[in-house]
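Note: the block below is entry25.cif and it holds mmCIF, C-alpha atoms (C1' of nucleotides).
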data_target
loop_
_atom_site.group_PDB
_atom_site.id
_atom_site.type_symbol
_atom_site.label_atom_id
_atom_site.label_comp_id
_atom_site.auth_asym_id
_atom_site.auth_seq_id
_atom_site.Cartn_x
_atom_site.Cartn_y
_atom_site.Cartn_z
ATOM 1 C CA MET A 564 151.252 -183.621 90.463
ATOM 2 C CA THR A 565 154.834 -182.520 90.852
ATOM 3 C CA ASN A 566 154.833 -179.587 88.472
ATOM 4 C CA THR A 567 154.005 -176.559 90.525
ATOM 5 C CA LYS A 568 154.263 -174.413 87.426
ATOM 6 C CA GLN A 569 151.374 -176.285 85.885
ATOM 7 C CA VAL A 570 149.229 -175.758 88.935
ATOM 8 C CA GLN A 571 149.836 -172.040 88.738
ATOM 9 C CA LEU A 572 149.199 -171.854 85.005
ATOM 10 C CA GLY A 573 147.488 -168.648 84.146
ATOM 11 C CA LYS A 574 147.557 -167.393 87.671
ATOM 12 C CA GLY A 575 150.789 -165.460 87.761
ATOM 13 C CA PRO A 576 151.471 -162.130 86.108
ATOM 14 C CA LEU A 577 151.380 -162.210 82.335
ATOM 15 C CA ALA A 578 154.748 -163.595 81.273
ATOM 16 C CA ASP A 579 157.067 -161.811 78.926
ATOM 17 C CA GLY A 580 156.662 -164.516 76.286
ATOM 18 C CA ALA A 581 152.897 -164.576 76.525
ATOM 19 C CA ALA A 582 152.775 -160.818 76.082
ATOM 20 C CA ALA A 583 155.053 -161.077 73.065
ATOM 21 C CA THR A 584 152.719 -163.654 71.529
ATOM 22 C CA LEU A 585 149.550 -161.763 72.317
ATOM 23 C CA ALA A 586 150.600 -158.257 71.324
ATOM 24 C CA PRO A 587 150.768 -158.948 67.563
ATOM 25 C CA MET A 588 147.201 -160.235 67.616
ATOM 26 C CA PHE A 589 146.015 -157.012 69.168
ATOM 27 C CA ALA A 590 148.223 -155.101 66.745
ATOM 28 C CA ALA A 591 146.495 -156.830 63.856
ATOM 29 C CA LEU A 592 143.200 -155.432 65.115
ATOM 30 C CA SER A 593 144.544 -151.995 65.944
ATOM 31 C CA ASP A 594 143.864 -150.428 62.557
ATOM 32 C CA PRO A 595 140.340 -149.283 61.601
ATOM 33 C CA THR A 596 140.583 -150.521 58.046
ATOM 34 C CA ARG A 597 141.816 -153.893 59.215
ATOM 35 C CA LEU A 598 139.078 -154.144 61.832
ATOM 36 C CA ARG A 599 136.416 -153.593 59.187
ATOM 37 C CA LEU A 600 138.227 -156.007 56.896
ATOM 38 C CA PHE A 601 138.219 -158.694 59.555
ATOM 39 C CA ASP A 602 134.577 -158.000 60.261
ATOM 40 C CA LEU A 603 133.657 -158.414 56.595
ATOM 41 C CA VAL A 604 135.523 -161.704 56.426
ATOM 42 C CA ARG A 605 133.900 -162.926 59.615
ATOM 43 C CA ARG A 606 130.441 -161.992 58.409
ATOM 44 C CA ALA A 607 131.018 -164.066 55.298
ATOM 45 C CA GLY A 608 130.959 -167.234 57.395
ATOM 46 C CA ARG A 609 132.337 -170.588 56.408
ATOM 47 C CA ASP A 610 132.452 -169.906 52.688
ATOM 48 C CA GLY A 611 134.499 -166.800 53.154
ATOM 49 C CA ILE A 612 134.631 -163.829 50.871
ATOM 50 C CA CYS A 613 136.562 -163.067 47.726
ATOM 51 C CA SER A 614 139.364 -160.562 48.053
ATOM 52 C CA CYS A 615 137.921 -158.813 45.028
ATOM 53 C CA ASP A 616 134.827 -157.951 47.053
ATOM 54 C CA LEU A 617 136.816 -156.304 49.831
ATOM 55 C CA THR A 618 138.509 -153.449 48.029
ATOM 56 C CA GLU A 619 135.507 -151.366 47.159
ATOM 57 C CA PRO A 620 133.619 -151.301 50.499
ATOM 58 C CA LEU A 621 136.728 -150.186 52.364
ATOM 59 C CA ASP A 622 137.698 -147.429 49.961
ATOM 60 C CA ARG A 623 141.350 -148.340 49.855
ATOM 61 C CA SER A 624 143.614 -149.260 46.977
ATOM 62 C CA GLN A 625 144.027 -152.894 46.000
ATOM 63 C CA PRO A 626 147.644 -153.095 47.254
ATOM 64 C CA THR A 627 146.583 -151.652 50.596
ATOM 65 C CA ILE A 628 143.863 -154.270 51.047
ATOM 66 C CA SER A 629 146.287 -156.970 49.993
ATOM 67 C CA HIS A 630 148.732 -155.696 52.598
ATOM 68 C CA HIS A 631 146.120 -155.714 55.356
ATOM 69 C CA LEU A 632 144.958 -159.203 54.465
ATOM 70 C CA LYS A 633 148.526 -160.376 54.741
ATOM 71 C CA VAL A 634 148.812 -158.853 58.208
ATOM 72 C CA LEU A 635 145.591 -160.564 59.294
ATOM 73 C CA ARG A 636 146.748 -163.861 57.830
ATOM 74 C CA GLU A 637 150.149 -163.704 59.495
ATOM 75 C CA ALA A 638 148.467 -162.889 62.790
ATOM 76 C CA GLY A 639 146.508 -166.115 62.425
ATOM 77 C CA LEU A 640 143.172 -164.344 62.261
ATOM 78 C CA VAL A 641 142.157 -165.283 58.738
ATOM 79 C CA GLU A 642 143.112 -167.918 56.226
ATOM 80 C CA SER A 643 142.922 -167.997 52.461
ATOM 81 C CA ARG A 644 142.374 -170.472 49.706
ATOM 82 C CA ARG A 645 142.834 -169.964 46.025
ATOM 83 C CA ASP A 646 140.058 -170.658 43.526
ATOM 84 C CA GLY A 647 141.367 -169.982 40.074
ATOM 85 C CA THR A 648 142.303 -166.355 39.849
ATOM 86 C CA TRP A 649 140.344 -165.516 42.966
ATOM 87 C CA ILE A 650 141.418 -165.890 46.565
ATOM 88 C CA TRP A 651 138.832 -166.495 49.270
ATOM 89 C CA TYR A 652 139.359 -165.394 52.813
ATOM 90 C CA SER A 653 137.684 -166.821 55.885
ATOM 91 C CA VAL A 654 138.173 -166.562 59.622
ATOM 92 C CA ALA A 655 140.763 -168.962 60.972
ATOM 93 C CA PRO A 656 139.499 -171.538 63.464
ATOM 94 C CA HIS A 657 140.154 -170.419 67.028
ATOM 95 C CA ALA A 658 141.228 -167.077 65.605
ATOM 96 C CA LEU A 659 140.332 -165.046 68.667
ATOM 97 C CA ASP A 660 140.798 -167.693 71.335
ATOM 98 C CA ALA A 661 144.010 -166.209 72.711
ATOM 99 C CA VAL A 662 142.514 -162.740 72.840
ATOM 100 C CA THR A 663 139.355 -164.020 74.503
ATOM 101 C CA HIS A 664 141.399 -165.919 77.032
ATOM 102 C CA PHE A 665 143.414 -162.853 77.916
ATOM 103 C CA ILE A 666 140.336 -160.684 78.304
ATOM 104 C CA GLN A 667 138.658 -163.208 80.580
ATOM 105 C CA ARG A 668 141.863 -163.772 82.493
ATOM 106 C CA MET B 789 109.528 -147.942 66.416
ATOM 107 C CA THR B 790 110.307 -145.626 63.529
ATOM 108 C CA ASN B 791 114.074 -145.762 63.654
ATOM 109 C CA THR B 792 115.123 -148.555 61.343
ATOM 110 C CA LYS B 793 118.754 -147.873 62.128
ATOM 111 C CA GLN B 794 118.146 -148.798 65.732
ATOM 112 C CA VAL B 795 116.533 -152.074 64.809
ATOM 113 C CA GLN B 796 119.590 -153.043 62.807
ATOM 114 C CA LEU B 797 122.042 -152.036 65.505
ATOM 115 C CA GLY B 798 125.021 -154.331 65.520
ATOM 116 C CA LYS B 799 123.799 -156.354 62.625
ATOM 117 C CA GLY B 800 125.356 -154.555 59.681
ATOM 118 C CA PRO B 801 129.016 -154.447 58.768
ATOM 119 C CA LEU B 802 131.208 -152.726 61.299
ATOM 120 C CA ALA B 803 130.732 -149.017 60.670
ATOM 121 C CA ASP B 804 133.555 -146.658 59.959
ATOM 122 C CA GLY B 805 132.962 -144.790 63.198
ATOM 123 C CA ALA B 806 132.772 -147.924 65.304
ATOM 124 C CA ALA B 807 136.053 -149.136 63.857
ATOM 125 C CA ALA B 808 137.656 -145.769 64.563
ATOM 126 C CA THR B 809 136.512 -146.013 68.185
ATOM 127 C CA LEU B 810 137.567 -149.605 68.643
ATOM 128 C CA ALA B 811 140.953 -149.522 66.959
ATOM 129 C CA PRO B 812 142.656 -147.334 69.600
ATOM 130 C CA MET B 813 141.596 -149.766 72.320
ATOM 131 C CA PHE B 814 143.261 -152.614 70.468
ATOM 132 C CA ALA B 815 146.228 -150.351 69.792
ATOM 133 C CA ALA B 816 146.565 -149.738 73.511
ATOM 134 C CA LEU B 817 146.940 -153.484 74.004
ATOM 135 C CA SER B 818 149.214 -154.020 71.033
ATOM 136 C CA ASP B 819 152.477 -153.459 72.872
ATOM 137 C CA PRO B 820 153.964 -156.245 75.042
ATOM 138 C CA THR B 821 155.084 -153.903 77.792
ATOM 139 C CA ARG B 822 151.657 -152.285 77.894
ATOM 140 C CA LEU B 823 149.916 -155.662 77.973
ATOM 141 C CA ARG B 824 151.926 -156.699 81.011
ATOM 142 C CA LEU B 825 151.311 -153.305 82.549
ATOM 143 C CA PHE B 826 147.560 -153.644 82.103
ATOM 144 C CA ASP B 827 147.720 -157.158 83.489
ATOM 145 C CA LEU B 828 149.537 -155.979 86.603
ATOM 146 C CA VAL B 829 146.976 -153.239 87.164
ATOM 147 C CA ARG B 830 144.119 -155.649 86.637
ATOM 148 C CA ARG B 831 145.574 -158.160 89.063
ATOM 149 C CA ALA B 832 145.720 -155.460 91.700
ATOM 150 C CA GLY B 833 141.943 -155.408 91.870
ATOM 151 C CA ARG B 834 139.800 -152.637 93.255
ATOM 152 C CA ASP B 835 142.530 -150.976 95.300
ATOM 153 C CA GLY B 836 144.784 -150.668 92.305
ATOM 154 C CA ILE B 837 148.532 -150.504 92.311
ATOM 155 C CA CYS B 838 150.986 -147.687 92.830
ATOM 156 C CA SER B 839 152.816 -146.492 89.739
ATOM 157 C CA CYS B 840 156.006 -146.785 91.753
ATOM 158 C CA ASP B 841 155.518 -150.553 91.899
ATOM 159 C CA LEU B 842 155.206 -150.908 88.149
ATOM 160 C CA THR B 843 158.584 -149.697 86.969
ATOM 161 C CA GLU B 844 160.778 -152.422 88.352
ATOM 162 C CA PRO B 845 158.880 -155.565 87.264
ATOM 163 C CA LEU B 846 158.689 -154.364 83.663
ATOM 164 C CA ASP B 847 162.333 -153.413 83.337
ATOM 165 C CA ARG B 848 161.676 -150.102 81.662
ATOM 166 C CA SER B 849 162.627 -146.592 82.639
ATOM 167 C CA GLN B 850 160.230 -144.628 84.770
ATOM 168 C CA PRO B 851 159.336 -142.163 81.964
ATOM 169 C CA THR B 852 158.562 -145.064 79.656
ATOM 170 C CA ILE B 853 156.167 -146.584 82.182
ATOM 171 C CA SER B 854 154.590 -143.185 82.692
ATOM 172 C CA HIS B 855 154.103 -142.914 78.948
ATOM 173 C CA HIS B 856 152.474 -146.335 78.705
ATOM 174 C CA LEU B 857 150.171 -145.607 81.620
ATOM 175 C CA LYS B 858 149.064 -142.465 79.848
ATOM 176 C CA VAL B 859 148.268 -144.447 76.716
ATOM 177 C CA LEU B 860 146.232 -146.966 78.733
ATOM 178 C CA ARG B 861 144.444 -144.165 80.553
ATOM 179 C CA GLU B 862 143.579 -142.274 77.357
ATOM 180 C CA ALA B 863 142.289 -145.503 75.847
ATOM 181 C CA GLY B 864 139.889 -145.750 78.774
ATOM 182 C CA LEU B 865 141.416 -148.984 80.038
ATOM 183 C CA VAL B 866 142.729 -147.773 83.375
ATOM 184 C CA GLU B 867 142.077 -144.858 85.672
ATOM 185 C CA SER B 868 144.223 -143.170 88.261
ATOM 186 C CA ARG B 869 143.827 -141.386 91.536
ATOM 187 C CA ARG B 870 146.385 -139.411 93.411
ATOM 188 C CA ASP B 871 147.273 -140.175 97.014
ATOM 189 C CA GLY B 872 149.871 -137.702 98.140
ATOM 190 C CA THR B 873 152.932 -138.134 96.019
ATOM 191 C CA TRP B 874 151.761 -141.504 94.790
ATOM 192 C CA ILE B 875 149.371 -142.248 91.987
ATOM 193 C CA TRP B 876 147.311 -145.403 92.087
ATOM 194 C CA TYR B 877 146.106 -147.115 88.947
ATOM 195 C CA SER B 878 143.150 -149.439 88.632
ATOM 196 C CA VAL B 879 141.166 -150.945 85.786
ATOM 197 C CA ALA B 880 138.457 -148.642 84.496
ATOM 198 C CA PRO B 881 134.893 -149.939 84.888
ATOM 199 C CA HIS B 882 133.684 -151.528 81.677
ATOM 200 C CA ALA B 883 137.221 -151.170 80.354
ATOM 201 C CA LEU B 884 137.056 -154.097 77.972
ATOM 202 C CA ASP B 885 133.345 -154.070 77.223
ATOM 203 C CA ALA B 886 133.727 -152.667 73.724
ATOM 204 C CA VAL B 887 136.453 -155.166 72.888
ATOM 205 C CA THR B 888 134.431 -158.050 74.297
ATOM 206 C CA HIS B 889 131.395 -156.949 72.365
ATOM 207 C CA PHE B 890 133.351 -156.833 69.127
ATOM 208 C CA ILE B 891 134.864 -160.252 69.679
ATOM 209 C CA GLN B 892 131.477 -161.808 70.412
ATOM 210 C CA ARG B 893 129.871 -159.929 67.574
ATOM 211 C "C1'" DT C 78 161.181 -122.563 102.465
ATOM 212 C "C1'" DA C 79 164.403 -126.324 101.407
ATOM 213 C "C1'" DG C 80 165.096 -130.851 100.353
ATOM 214 C "C1'" DA C 81 163.378 -135.331 98.972
ATOM 215 C "C1'" DT C 82 160.412 -138.349 96.455
ATOM 216 C "C1'" DA C 83 156.931 -139.474 92.782
ATOM 217 C "C1'" DC C 84 155.551 -138.551 88.552
ATOM 218 C "C1'" DT C 85 155.187 -135.938 83.902
ATOM 219 C "C1'" DT C 86 156.883 -133.569 79.960
ATOM 220 C "C1'" DT C 87 160.359 -132.496 76.455
ATOM 221 C "C1'" DG C 88 163.528 -133.602 72.968
ATOM 222 C "C1'" DA C 89 165.966 -136.896 70.368
ATOM 223 C "C1'" DT C 90 166.453 -141.265 67.919
ATOM 224 C "C1'" DA C 91 165.670 -145.472 65.718
ATOM 225 C "C1'" DG C 92 162.195 -148.266 64.183
ATOM 226 C "C1'" DT C 93 157.546 -149.406 62.388
ATOM 227 C "C1'" DC C 94 153.355 -148.580 59.631
ATOM 228 C "C1'" DA C 95 149.468 -147.115 56.355
ATOM 229 C "C1'" DT C 96 149.154 -145.727 52.009
ATOM 230 C "C1'" DC C 97 149.654 -145.407 46.993
ATOM 231 C "C1'" DA C 98 151.578 -145.902 42.149
ATOM 232 C "C1'" DA C 99 154.127 -148.879 39.555
ATOM 233 C "C1'" DT C 100 155.489 -153.281 38.668
ATOM 234 C "C1'" DA C 101 155.419 -158.264 38.999
ATOM 235 C "C1'" DT C 102 153.187 -162.776 39.310
ATOM 236 C "C1'" DA C 103 149.476 -166.233 38.837
ATOM 237 C "C1'" DC C 104 145.757 -168.033 36.488
ATOM 238 C "C1'" DA C 105 142.219 -168.497 32.798
ATOM 239 C "C1'" DT C 106 140.756 -168.068 28.134
ATOM 240 C "C1'" DC C 107 141.292 -167.468 23.427
ATOM 241 C "C1'" DG D 27 151.727 -167.961 23.240
ATOM 242 C "C1'" DA D 28 148.973 -163.532 23.825
ATOM 243 C "C1'" DT D 29 145.723 -161.069 26.386
ATOM 244 C "C1'" DG D 30 142.917 -159.960 30.368
ATOM 245 C "C1'" DT D 31 141.799 -160.271 35.196
ATOM 246 C "C1'" DA D 32 143.037 -161.037 40.158
ATOM 247 C "C1'" DT D 33 146.330 -160.680 43.545
ATOM 248 C "C1'" DA D 34 151.109 -159.790 45.456
ATOM 249 C "C1'" DT D 35 155.360 -157.252 45.867
ATOM 250 C "C1'" DT D 36 158.380 -153.149 45.584
ATOM 251 C "C1'" DG D 37 159.679 -148.608 46.565
ATOM 252 C "C1'" DA D 38 158.670 -144.232 48.361
ATOM 253 C "C1'" DT D 39 156.685 -141.085 51.725
ATOM 254 C "C1'" DG D 40 154.665 -139.071 55.649
ATOM 255 C "C1'" DA D 41 153.055 -140.241 60.108
ATOM 256 C "C1'" DC D 42 153.413 -142.491 64.295
ATOM 257 C "C1'" DT D 43 155.756 -144.975 68.347
ATOM 258 C "C1'" DA D 44 158.836 -147.089 72.021
ATOM 259 C "C1'" DT D 45 162.546 -145.751 74.351
ATOM 260 C "C1'" DC D 46 165.714 -143.029 77.203
ATOM 261 C "C1'" DA D 47 168.079 -138.971 79.427
ATOM 262 C "C1'" DA D 48 167.269 -134.577 81.021
ATOM 263 C "C1'" DA D 49 164.500 -131.227 82.821
ATOM 264 C "C1'" DG D 50 160.081 -129.801 84.819
ATOM 265 C "C1'" DT D 51 156.047 -130.180 88.170
ATOM 266 C "C1'" DA D 52 153.663 -131.719 92.309
ATOM 267 C "C1'" DT D 53 153.447 -133.142 96.964
ATOM 268 C "C1'" DC D 54 155.178 -134.296 101.436
ATOM 269 C "C1'" DT D 55 158.154 -133.430 105.469
ATOM 270 C "C1'" DA D 56 161.330 -131.198 108.238
#
Any chance you could put this one into structure tokens?
Amino acid sequence: MTNTKQVQLGKGPLADGAAATLAPMFAALSDPTRLRLFDLVRRAGRDGICSCDLTEPLDRSQPTISHHLKVLREAGLVESRRDGTWIWYSVAPHALDAVTHFIQR
Amino acid sequence: MTNTKQVQLGKGPLADGAAATLAPMFAALSDPTRLRLFDLVRRAGRDGICSCDLTEPLDRSQPTISHHLKVLREAGLVESRRDGTWIWYSVAPHALDAVTHFIQR
DNA sequence: TAGATACTTTGATAGTCATCAATATACATC
DNA sequence: GATGTATATTGATGACTATCAAAGTATCTA
């Protein structure tokens, strides 16, 4: 073991880069509509949920929901797959791992 | 047990009010500088850390740090106590409980 | 009470964001 | 290909935010 950095992994102050990586994940969850959106997707389990079923319960316009889903996707929190005209969203594997790790730091 | 709402607590979709409460906590952690700030305070343990020792390591002006500390304080993540001219910050008890609960939901 | 130090507030600025209506794109069916 | 449905993008707007310099407030000490 010659790499002292490795030994200290996760023990020093939160590095600039780590903060820059983590912040956008928190930002993705920092909007009430997006939080509820993520929750709905998560509750849908493995199968996921159709985007078309997300607009009405959140009382936002279709473009707004589409925008929020994009933010969640780009934050790595959800993923999507197309099925004909529909698009199904589900929670990304290990979606919240980084956040969990930070909280338990 | 007559309150059916109570029985279902935490089982339904994330309520509007819950999301409105939770979102600001995530928002408080959604800025890289503030994340590092919170981390420094947390690492200081029970005693906390003097505000004067937070400006330099984060490479931001003193008013900016003061602003961020206010955001963290108003989000319920940290608390402060005055000691003469100094102000000491420490992690608020149960600071991340709501966030943890949401993540493990 | 006068000066020094620690912190907060104010005011300004540049950037980001949530939202919607309008428009565009993708796919299915006829 | 034409039409209808599902989703994405564009453009606009009002609100919010990170940042700093400057000025204000609080506390200690001499």
So, with all atoms listed in the file as the atoms that count, which of A:Arg623, A:His630, A:Arg599, A:His657 lies closest to chain D?
A:His630
Please identify every residue of chain B that has at least one atom no farther than 12 Å from an atom of chain C, counting only C-alpha atoms (C1' of nucleotides), and for each give the shortest atom pair and the distance in Å to one decimal, arranged by chain then increasing number, as CSV.
residue,atom,partner,partner_atom,distance
B:Cys838,CA,C:DA83,C1',10.1
B:Ser839,CA,C:DC84,C1',8.5
B:Cys840,CA,C:DA83,C1',7.4
B:Asp841,CA,C:DA83,C1',11.2
B:Thr843,CA,C:DC84,C1',11.7
B:Gln850,CA,C:DC84,C1',8.6
B:Pro851,CA,C:DT85,C1',7.7
B:Thr852,CA,C:DT85,C1',10.6
B:Ile853,CA,C:DC84,C1',10.3
B:Ser854,CA,C:DT85,C1',7.4
B:His855,CA,C:DT85,C1',8.6
B:His856,CA,C:DT85,C1',11.9
B:Leu857,CA,C:DT85,C1',11.1
B:Lys858,CA,C:DT85,C1',9.8
B:Arg870,CA,C:DC84,C1',10.4
B:Asp871,CA,C:DA83,C1',10.6
B:Gly872,CA,C:DA83,C1',9.0
B:Thr873,CA,C:DA83,C1',5.3
B:Trp874,CA,C:DA83,C1',5.9
B:Ile875,CA,C:DC84,C1',8.0
B:Trp876,CA,C:DC84,C1',11.3
Just the selected residues (C-alpha atoms), exported as a PDB file, in the frame of the given file, please.
ATOM      1  CA  CYS B 838     150.986-147.687  92.830  1.00  0.00           C
ATOM      2  CA  SER B 839     152.816-146.492  89.739  1.00  0.00           C
ATOM      3  CA  CYS B 840     156.006-146.785  91.753  1.00  0.00           C
ATOM      4  CA  ASP B 841     155.518-150.553  91.899  1.00  0.00           C
ATOM      5  CA  THR B 843     158.584-149.697  86.969  1.00  0.00           C
ATOM      6  CA  GLN B 850     160.230-144.628  84.770  1.00  0.00           C
ATOM      7  CA  PRO B 851     159.336-142.163  81.964  1.00  0.00           C
ATOM      8  CA  THR B 852     158.562-145.064  79.656  1.00  0.00           C
ATOM      9  CA  ILE B 853     156.167-146.584  82.182  1.00  0.00           C
ATOM     10  CA  SER B 854     154.590-143.185  82.692  1.00  0.00           C
ATOM     11  CA  HIS B 855     154.103-142.914  78.948  1.00  0.00           C
ATOM     12  CA  HIS B 856     152.474-146.335  78.705  1.00  0.00           C
ATOM     13  CA  LEU B 857     150.171-145.607  81.620  1.00  0.00           C
ATOM     14  CA  LYS B 858     149.064-142.465  79.848  1.00  0.00           C
ATOM     15  CA  ARG B 870     146.385-139.411  93.411  1.00  0.00           C
ATOM     16  CA  ASP B 871     147.273-140.175  97.014  1.00  0.00           C
ATOM     17  CA  GLY B 872     149.871-137.702  98.140  1.00  0.00           C
ATOM     18  CA  THR B 873     152.932-138.134  96.019  1.00  0.00           C
ATOM     19  CA  TRP B 874     151.761-141.504  94.790  1.00  0.00           C
ATOM     20  CA  ILE B 875     149.371-142.248  91.987  1.00  0.00           C
ATOM     21  CA  TRP B 876     147.311-145.403  92.087  1.00  0.00           C
TER      22      TRP B 876
END
Hey, could you make a per-residue contact list for chain D against chain B with 10 Å as the cut-off, showing the nearest pair of atoms and its distance in Å to one decimal, counting all atoms listed in the file, sorted by chain and number, as CSV?
residue,atom,partner,partner_atom,distance
D:DA44,C1',B:Thr852,CA,7.9
D:DT45,C1',B:Thr852,CA,6.7
D:DC46,C1',B:Ser849,CA,7.2
D:DA47,C1',B:Pro851,CA,9.6
D:DA52,C1',B:Thr873,CA,7.4
D:DT53,C1',B:Thr873,CA,5.1
D:DC54,C1',B:Thr873,CA,7.0
How would you write, as a PyMOL selection string, the residues chosen by the PyMOL selection byres ((chain B) within 7 of (chain A)) on this structure?
chain B and resi 801-802+807-808+811-812+814-815+817-820+823-824+827-828
Written as a PyMOL selection string, which residues does the PyMOL selection byres ((chain A and resi 640-644) around 6) give for the file shown?
chain A and resi 635-636+638-639+645+650-655+658
